[in-house]
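Novice: Got a structure for you, questions after.
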Amino acid sequence: MATIPHLLLLLTLFISTVHCATSSPPTDFIRSSCRITRYPDLCLQSLATYGPAVQRSPRELARFALTVSADRARSAASFVSQLCDKSNQAHYRAGGPVRDCLENMADSVDRLKEAADELARMGRTSSAGFKFHMSNVQTWCSAALTDENTCLDGLGKNVEPTTRSAIRKKVVEVAQATSNALALVNRVSGSK
């Protein structure tokens, strides 16, 4: 015969099991949201750790995606900056295009940060200024993606092949994260 404490324990376990079976964890929300992006595996890999903070909020997911992209852009800009320093010391012919790429990446960082900040302080979707603020977020995110692609386009034949390859690898990763962020931002705005 079961005692009252045992019955309470069994009841608690049953309720917990039912609750867990009926509610999906935030990672499932992130996984399903990432399916709309161009790079869903990268999306999930870079955003899964934010599940507890995101819960099931498309806006928070988009904000974290912008923040991740800005962090990656900052890291890529630092990498390119180090290459600029080395190219100056070694008198590479690549100084100009690499410096231009560095400027593009710095601009990308600024735009992504502005987009994330704007998204964080926007009002409700029903508020009068929502469309205006969302348009700003979309514009800054698109401009950041353009900056990243401009960097890649500028890495022509005047850049030493190993330098070009190293920069391209970092910047492509940033551009993919930014593309994902823009897709998630567009989901918040209701556009496709």
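All residue names refer to the structure tokens as shown: chains lettered A, B, ... in order, residues numbered from 1 in each chain, ligands numbered from 1 in order.
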For the helix (DSSP H, G or I) assignment from backbone DSSP, which residues of stretch 115-187 of chain A qualify? Please present them as a PyMOL selection string.
Specialist: chain A and resi 115-121+130-154+161-187
Novice: Just the residues within 12 Å of A:Arg121, please, counting only C-alpha atoms, with nothing from its chain fewer than 3 positions along; format it as a ChimeraX atom specification.
Specialist: /A:59-60,63,114-118,124-125,129-130,133-134,137
Novice: Now that the selection is made, can you save its residues with C-alpha atoms as a short mmCIF file (atom, residue, chain, number, x, y, z; two decimals), in the first residue's frame?
Specialist:
```
data_model
loop_
_atom_site.label_atom_id
_atom_site.label_comp_id
_atom_site.auth_asym_id
_atom_site.auth_seq_id
_atom_site.Cartn_x
_atom_site.Cartn_y
_atom_site.Cartn_z
CA ARG A 59 11.48 39.20 -31.75
CA GLU A 60 13.96 38.02 -29.10
CA ARG A 63 17.53 40.28 -31.68
CA GLU A 114 22.07 49.64 -34.41
CA ALA A 115 19.58 47.08 -35.73
CA ALA A 116 19.74 44.99 -32.54
CA ASP A 117 19.36 48.09 -30.35
CA GLU A 118 16.39 49.34 -32.38
CA ARG A 124 4.34 46.43 -29.69
CA THR A 125 3.46 45.37 -33.21
CA GLY A 129 5.84 53.54 -34.82
CA PHE A 130 6.33 49.79 -35.22
CA HIS A 133 11.27 51.09 -36.49
CA MET A 134 11.04 47.70 -38.19
CA VAL A 137 16.03 47.36 -38.52
#
```
Novice: Give one line per residue of stretch 133-177 of chain A that approaches stretch 71-84 of chain A to at most 7 Å, naming the two atoms of the closest pair and their distance in Å to one decimal, counting only C-alpha atoms; sort by chain then ascending residue number and deliver it as a Markdown table.
Specialist:
```
| residue | atom | partner | partner_atom | distance |
| --- | --- | --- | --- | --- |
| A:Ile167 | CA | A:Val80 | CA | 6.6 |
| A:Lys170 | CA | A:Ala76 | CA | 5.7 |
| A:Val171 | CA | A:Ala76 | CA | 6.4 |
| A:Val174 | CA | A:Ala73 | CA | 5.7 |
```
Novice: For the residues in that selection, give me N, CA, C and O atoms as an mmCIF file, in the first residue's frame.
Specialist:
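Written out: part-v4.cif:
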```cif
data_model
loop_
_atom_site.group_PDB
_atom_site.id
_atom_site.type_symbol
_atom_site.label_atom_id
_atom_site.label_comp_id
_atom_site.auth_asym_id
_atom_site.auth_seq_id
_atom_site.Cartn_x
_atom_site.Cartn_y
_atom_site.Cartn_z
ATOM 1 N N ILE A 167 40.527 35.693 -45.261
ATOM 2 C CA ILE A 167 39.514 36.740 -45.056
ATOM 3 C C ILE A 167 38.159 36.248 -45.553
ATOM 4 O O ILE A 167 37.139 36.399 -44.882
ATOM 5 N N LYS A 170 36.269 33.979 -43.116
ATOM 6 C CA LYS A 170 35.684 34.693 -41.969
ATOM 7 C C LYS A 170 34.470 35.517 -42.393
ATOM 8 O O LYS A 170 33.439 35.512 -41.717
ATOM 9 N N VAL A 171 34.590 36.225 -43.502
ATOM 10 C CA VAL A 171 33.525 37.141 -43.912
ATOM 11 C C VAL A 171 32.309 36.375 -44.441
ATOM 12 O O VAL A 171 31.165 36.782 -44.197
ATOM 13 N N VAL A 174 30.260 35.437 -41.536
ATOM 14 C CA VAL A 174 29.500 36.590 -41.038
ATOM 15 C C VAL A 174 28.302 36.859 -41.945
ATOM 16 O O VAL A 174 27.184 37.086 -41.467
#
```
Novice: Determine the nearest neighbour of A:Ser189 from the options A:Leu47, A:Leu119, A:Leu112, A:Leu42, counting only C-alpha atoms.
Specialist: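 Looking at the shortest contact to A:Ser189, the residue is A:Leu119.
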Novice: In Å, with one decimal, what is the gap from atom CA of A:Ala181 to atom CA of A:Leu66?
Specialist: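 Distance between the two atoms: 5.5 Å.
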Novice: Do you have the atom CA of A:Gln138-atom CA of A:Asn186 distance handy?
Specialist: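 Those two atoms sit 7.3 Å apart.
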Novice: One decimal, Å: what's the distance from atom CA of A:Phe132 over to atom CA of A:Ala62, could you say?
Specialist: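 Distance between the two atoms: 17.0 Å.
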Novice: Of the candidates A:Thr139, A:Asp28, A:Val172, A:Lys131, which one gets nearest to A:Ala48 if we count only C-alpha atoms?
Specialist: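 Nearest candidate to A:Ala48 out of A:Thr139, A:Asp28, A:Val172, A:Lys131: A:Asp28.
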Novice: Just the residues within 9 Å of A:Thr27, please, counting only C-alpha atoms, with nothing from its chain fewer than 2 positions along; format it as an MDAnalysis selection string.
Specialist: chainID A and resid 24:25 29:32 44 47:52 55
Novice: Please determine, counting only C-alpha atoms, which residue among A:Ala106, A:Cys141, A:Ala120, A:Ala53 has the shortest atom-to-atom distance to A:Val185.
Specialist: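 Closest residue, counting only C-alpha atoms: A:Cys141.
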Novice: Can you tell me, as JSON, numbers by chain, what residues are no more than 12 Å from A:Asn149 when counting only C-alpha atoms, ignoring any on the same chain fewer than 5 positions away?
Specialist: {"A": [100, 101, 104, 105, 108, 142, 143, 144, 154, 155, 167, 168, 170, 171, 172, 173, 174, 175, 176, 178, 179]}
Novice: Please produce a file of the residues just selected, as a PDB file, in the first residue's frame, where the atoms kept are C-alpha atoms.
Specialist:
```pdb
ATOM      1  CA  ASP A 100      38.738  48.631 -47.547  1.00  0.00           C
ATOM      2  CA  CYS A 101      37.422  45.299 -46.302  1.00  0.00           C
ATOM      3  CA  ASN A 104      33.292  47.512 -44.636  1.00  0.00           C
ATOM      4  CA  MET A 105      33.375  45.134 -41.675  1.00  0.00           C
ATOM      5  CA  SER A 108      28.736  46.134 -40.733  1.00  0.00           C
ATOM      6  CA  SER A 142      20.457  44.710 -45.303  1.00  0.00           C
ATOM      7  CA  ALA A 143      23.156  47.394 -45.337  1.00  0.00           C
ATOM      8  CA  ALA A 144      25.370  45.223 -43.124  1.00  0.00           C
ATOM      9  CA  GLY A 154      37.001  43.778 -53.200  1.00  0.00           C
ATOM     10  CA  LEU A 155      39.291  40.857 -52.472  1.00  0.00           C
ATOM     11  CA  ILE A 167      39.514  36.740 -45.056  1.00  0.00           C
ATOM     12  CA  ARG A 168      36.893  35.187 -47.331  1.00  0.00           C
ATOM     13  CA  LYS A 170      35.684  34.693 -41.969  1.00  0.00           C
ATOM     14  CA  VAL A 171      33.525  37.141 -43.912  1.00  0.00           C
ATOM     15  CA  VAL A 172      31.401  34.452 -45.587  1.00  0.00           C
ATOM     16  CA  GLU A 173      30.590  33.096 -42.118  1.00  0.00           C
ATOM     17  CA  VAL A 174      29.500  36.590 -41.038  1.00  0.00           C
ATOM     18  CA  ALA A 175      27.432  37.107 -44.201  1.00  0.00           C
ATOM     19  CA  GLN A 176      25.647  33.795 -43.616  1.00  0.00           C
ATOM     20  CA  THR A 178      23.611  38.171 -41.209  1.00  0.00           C
ATOM     21  CA  SER A 179      21.456  36.567 -43.885  1.00  0.00           C
TER      22      SER A 179
END
```
Novice: Could you tell me which of A:Cys43, A:Ile36, A:Leu61, A:Ala183 comes closest to A:Leu145 if we count only C-alpha atoms?
Specialist: A:Ala183
